[in-house]
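J.: Pasting a structure below so you can have a look.
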Amino acid sequence: MFSPRPLAEAVWASAQIALEDLPELAAMGVRRVVNNRPDGEDAGQPSSAEMEAAVRAAGLDYVHAPVSGIPGPDAVRAAAEALEADEPVLMYCRSGTRSTIAWALAMRALGRAEADEIRAAAANAGYDLTRLPL
């Protein structure tokens with residue numbers, strides 16, 4: 001079941017989205033989708049190419065910034081670029097945790113919030129970042 005969790009104004013994290021969720025994303029005002037899942041992570045997950053085609057067909061921008069473990073510089077940079085665009089963005093991975101961590105690290109890199117604010121926003125969305133060095 002699709003249930004994006006708000007991290008900040010116009011920023012959501014989510015578990016894997018389905019192609020059928022794209023109209024709802026567009027209706028929410030989302031303009032960019034950031035996929036933090038590596039291809040082939042789970043059997044049956046849509047590939048990045050499939051997601052990109054469907055997201056773009058829905059009129060949205062798409063970014064693939066795969067993360068295994070803690071987000072690296074490329075994923076943090078992709079999250080920062082999505083945030084700098086100041087357009088509504090949904091970031092997703094298997095559970096939403098890696099996307100939330102990428103968002104948190106990007107927020108710090110951009111100097112948009114203090115660590116305690118970021119941790120509180122993540123906690124309000126159901127993600128525990130207490131051990132993440134911010």
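Note on naming: chains are A, B, ... as they come in the structure tokens, residues start from 1 per chain, ligands start from 1 in the order shown.
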Stretch 69-79 of chain A: which residues within 6 Å, counting only C-alpha atoms, same-chain residues fewer than 3 positions away excluded, as a PyMOL selection string?

T.: chain A and resi 65+82+102-103+106

J.: Print the selection's residues with C-alpha atoms to a file, as a PDB file, in the first residue's frame.

T.:
ATOM      1  CA  ALA A  65      20.555   7.343  -7.365  1.00  0.00           C
ATOM      2  CA  ALA A  82      16.344  17.460  -5.960  1.00  0.00           C
ATOM      3  CA  ALA A 102      20.045  10.546   1.815  1.00  0.00           C
ATOM      4  CA  TRP A 103      17.610  13.415   2.459  1.00  0.00           C
ATOM      5  CA  ALA A 106      21.631  16.396   1.771  1.00  0.00           C
TER       6      ALA A 106
END

J.: Quick check for you: according to DSSP on this backbone, which residues of stretch 1-115 of chain A are classed as alpha helix (DSSP H)? Reply as a PyMOL selection string.

T.: chain A and resi 22-28+48-57+73-84+97-110+115

J.: Excluding A:Val63 and any residue of its chain fewer than 3 positions from it, enumerate the residues within 7 Å of it, using only C-alpha atoms, and give them as a PyMOL selection string.

T.: chain A and resi 33-35

J.: Let me see the file: selected residues, C-alpha atoms, as a PDB file, in the first residue's frame.

T.:
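Heads up, here's the output in again-v4.pdb:
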ATOM      1  CA  VAL A  33      10.818  11.068  -8.164  1.00  0.00           C
ATOM      2  CA  VAL A  34      14.170   9.914  -6.777  1.00  0.00           C
ATOM      3  CA  ASN A  35      14.682   6.143  -6.891  1.00  0.00           C
TER       4      ASN A  35
END

J.: Extract, using only C-alpha atoms, all DNA, RNA and protein residues at most 6 Å from stretch 85-94 of chain A, discarding same-chain residues fewer than 5 positions from it, and format them as a ChimeraX atom specification.

T.: /A:10-16,30-37,99

J.: Considering only C-alpha atoms, can you say which of A:Ile118, A:Ala18, A:Ala43, A:Leu25 comes closest to A:Ala58?

T.: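 Among the listed residues, A:Leu25 lies closest to A:Ala58.
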
J.: Compile the contact shell of A:Pro23 as a list in words: residues with an atom at most 12 Å away, counting only C-alpha atoms, same-chain residues fewer than 3 positions apart removed.

T.: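 The neighbour list is Phe2, Ile17, Ala18, Leu19, Glu20, Ala26, Ala27, Met28, Gly29, Val30, Arg31, Ala54, Val55, Arg56, Ala57, Ala58, Gly59 and Leu60 of chain A.
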
J.: Report the distance between atom CA of A:Leu105 and atom CA of A:Glu41 in Å, rounded to one decimal place.

T.: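 Value for the atom CA of A:Leu105-atom CA of A:Glu41 distance: 22.7 Å.
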
J.: What does the distance from atom CA of A:Asp42 to atom CA of A:Asp21 come to in Å, to one decimal?

T.: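 That distance, rounded to one decimal, is 18.8 Å.
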
J.: I want to know what sits within 9 Å of A:Pro38, based on only C-alpha atoms, with residues of the same chain fewer than 5 positions away left out; could you give that as an MDAnalysis selection string?

T.: chainID A and resid 47:48 64:68 93

J.: Take the residues just selected and output them with all heavy atoms as a PDB file, in the first residue's frame.

T.:
ATOM      1  N   SER A  47      12.309  -2.310 -12.703  1.00  0.00           N
ATOM      2  CA  SER A  47      13.667  -1.827 -12.957  1.00  0.00           C
ATOM      3  C   SER A  47      13.663  -0.305 -13.004  1.00  0.00           C
ATOM      4  O   SER A  47      12.611   0.331 -13.178  1.00  0.00           O
ATOM      5  CB  SER A  47      14.185  -2.383 -14.277  1.00  0.00           C
ATOM      6  OG  SER A  47      13.493  -1.771 -15.359  1.00  0.00           O
ATOM      7  N   SER A  48      14.835   0.269 -12.900  1.00  0.00           N
ATOM      8  CA  SER A  48      14.953   1.717 -13.010  1.00  0.00           C
ATOM      9  C   SER A  48      14.451   2.193 -14.368  1.00  0.00           C
ATOM     10  O   SER A  48      13.761   3.217 -14.453  1.00  0.00           O
ATOM     11  CB  SER A  48      16.408   2.154 -12.792  1.00  0.00           C
ATOM     12  OG  SER A  48      16.515   3.544 -12.973  1.00  0.00           O
ATOM     13  N   HIS A  64      17.665   8.411 -10.815  1.00  0.00           N
ATOM     14  CA  HIS A  64      18.047   7.118 -10.229  1.00  0.00           C
ATOM     15  C   HIS A  64      19.373   7.320  -9.522  1.00  0.00           C
ATOM     16  O   HIS A  64      20.387   7.632 -10.149  1.00  0.00           O
ATOM     17  CB  HIS A  64      18.174   6.044 -11.305  1.00  0.00           C
ATOM     18  CG  HIS A  64      18.397   4.684 -10.745  1.00  0.00           C
ATOM     19  ND1 HIS A  64      19.269   3.784 -11.311  1.00  0.00           N
ATOM     20  CD2 HIS A  64      17.869   4.053  -9.665  1.00  0.00           C
ATOM     21  CE1 HIS A  64      19.258   2.667 -10.610  1.00  0.00           C
ATOM     22  NE2 HIS A  64      18.423   2.819  -9.603  1.00  0.00           N
ATOM     23  N   ALA A  65      19.363   7.194  -8.200  1.00  0.00           N
ATOM     24  CA  ALA A  65      20.555   7.343  -7.365  1.00  0.00           C
ATOM     25  C   ALA A  65      20.595   6.159  -6.411  1.00  0.00           C
ATOM     26  O   ALA A  65      20.236   6.273  -5.242  1.00  0.00           O
ATOM     27  CB  ALA A  65      20.512   8.664  -6.602  1.00  0.00           C
ATOM     28  N   PRO A  66      20.984   4.972  -6.908  1.00  0.00           N
ATOM     29  CA  PRO A  66      20.916   3.753  -6.103  1.00  0.00           C
ATOM     30  C   PRO A  66      21.809   3.816  -4.866  1.00  0.00           C
ATOM     31  O   PRO A  66      22.903   4.379  -4.905  1.00  0.00           O
ATOM     32  CB  PRO A  66      21.374   2.659  -7.061  1.00  0.00           C
ATOM     33  CG  PRO A  66      22.088   3.350  -8.165  1.00  0.00           C
ATOM     34  CD  PRO A  66      21.560   4.735  -8.229  1.00  0.00           C
ATOM     35  N   VAL A  67      21.292   3.231  -3.795  1.00  0.00           N
ATOM     36  CA  VAL A  67      21.993   3.210  -2.512  1.00  0.00           C
ATOM     37  C   VAL A  67      21.999   1.790  -1.979  1.00  0.00           C
ATOM     38  O   VAL A  67      20.955   1.145  -1.904  1.00  0.00           O
ATOM     39  CB  VAL A  67      21.304   4.133  -1.483  1.00  0.00           C
ATOM     40  CG1 VAL A  67      21.937   3.996  -0.115  1.00  0.00           C
ATOM     41  CG2 VAL A  67      21.318   5.575  -1.949  1.00  0.00           C
ATOM     42  N   SER A  68      23.175   1.328  -1.600  1.00  0.00           N
ATOM     43  CA  SER A  68      23.322   0.075  -0.851  1.00  0.00           C
ATOM     44  C   SER A  68      24.027   0.456   0.446  1.00  0.00           C
ATOM     45  O   SER A  68      25.147   0.956   0.402  1.00  0.00           O
ATOM     46  CB  SER A  68      24.165  -0.944  -1.624  1.00  0.00           C
ATOM     47  OG  SER A  68      23.493  -1.347  -2.784  1.00  0.00           O
ATOM     48  N   CYS A  93      12.898   3.933  -1.611  1.00  0.00           N
ATOM     49  CA  CYS A  93      13.782   2.768  -1.626  1.00  0.00           C
ATOM     50  C   CYS A  93      12.920   1.591  -1.161  1.00  0.00           C
ATOM     51  O   CYS A  93      11.700   1.657  -1.259  1.00  0.00           O
ATOM     52  CB  CYS A  93      15.025   2.991  -0.758  1.00  0.00           C
ATOM     53  SG  CYS A  93      14.672   3.374   0.969  1.00  0.00           S
TER      54      CYS A  93
END

J.: Go ahead and compute the interatomic distance for atom CA of A:Leu83 and atom CA of A:Leu110, in Å to one decimal.

T.: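 Between atom CA of A:Leu83 and atom CA of A:Leu110 the gap is 8.9 Å.
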
J.: Residues within 10 Å of A:Ala104, please, as a PyMOL selection string. Count only C-alpha atoms; anything in the same chain fewer than 6 positions from it doesn't count.

T.: chain A and resi 7+76+79-80+98+110+112-115+117-119+121-122+129+132+134

J.: Output as a ChimeraX atom specification all residues of chain A that backbone DSSP marks as strand (DSSP E or B).

T.: /A:5-8,11-14,32-35,61-64,89-92
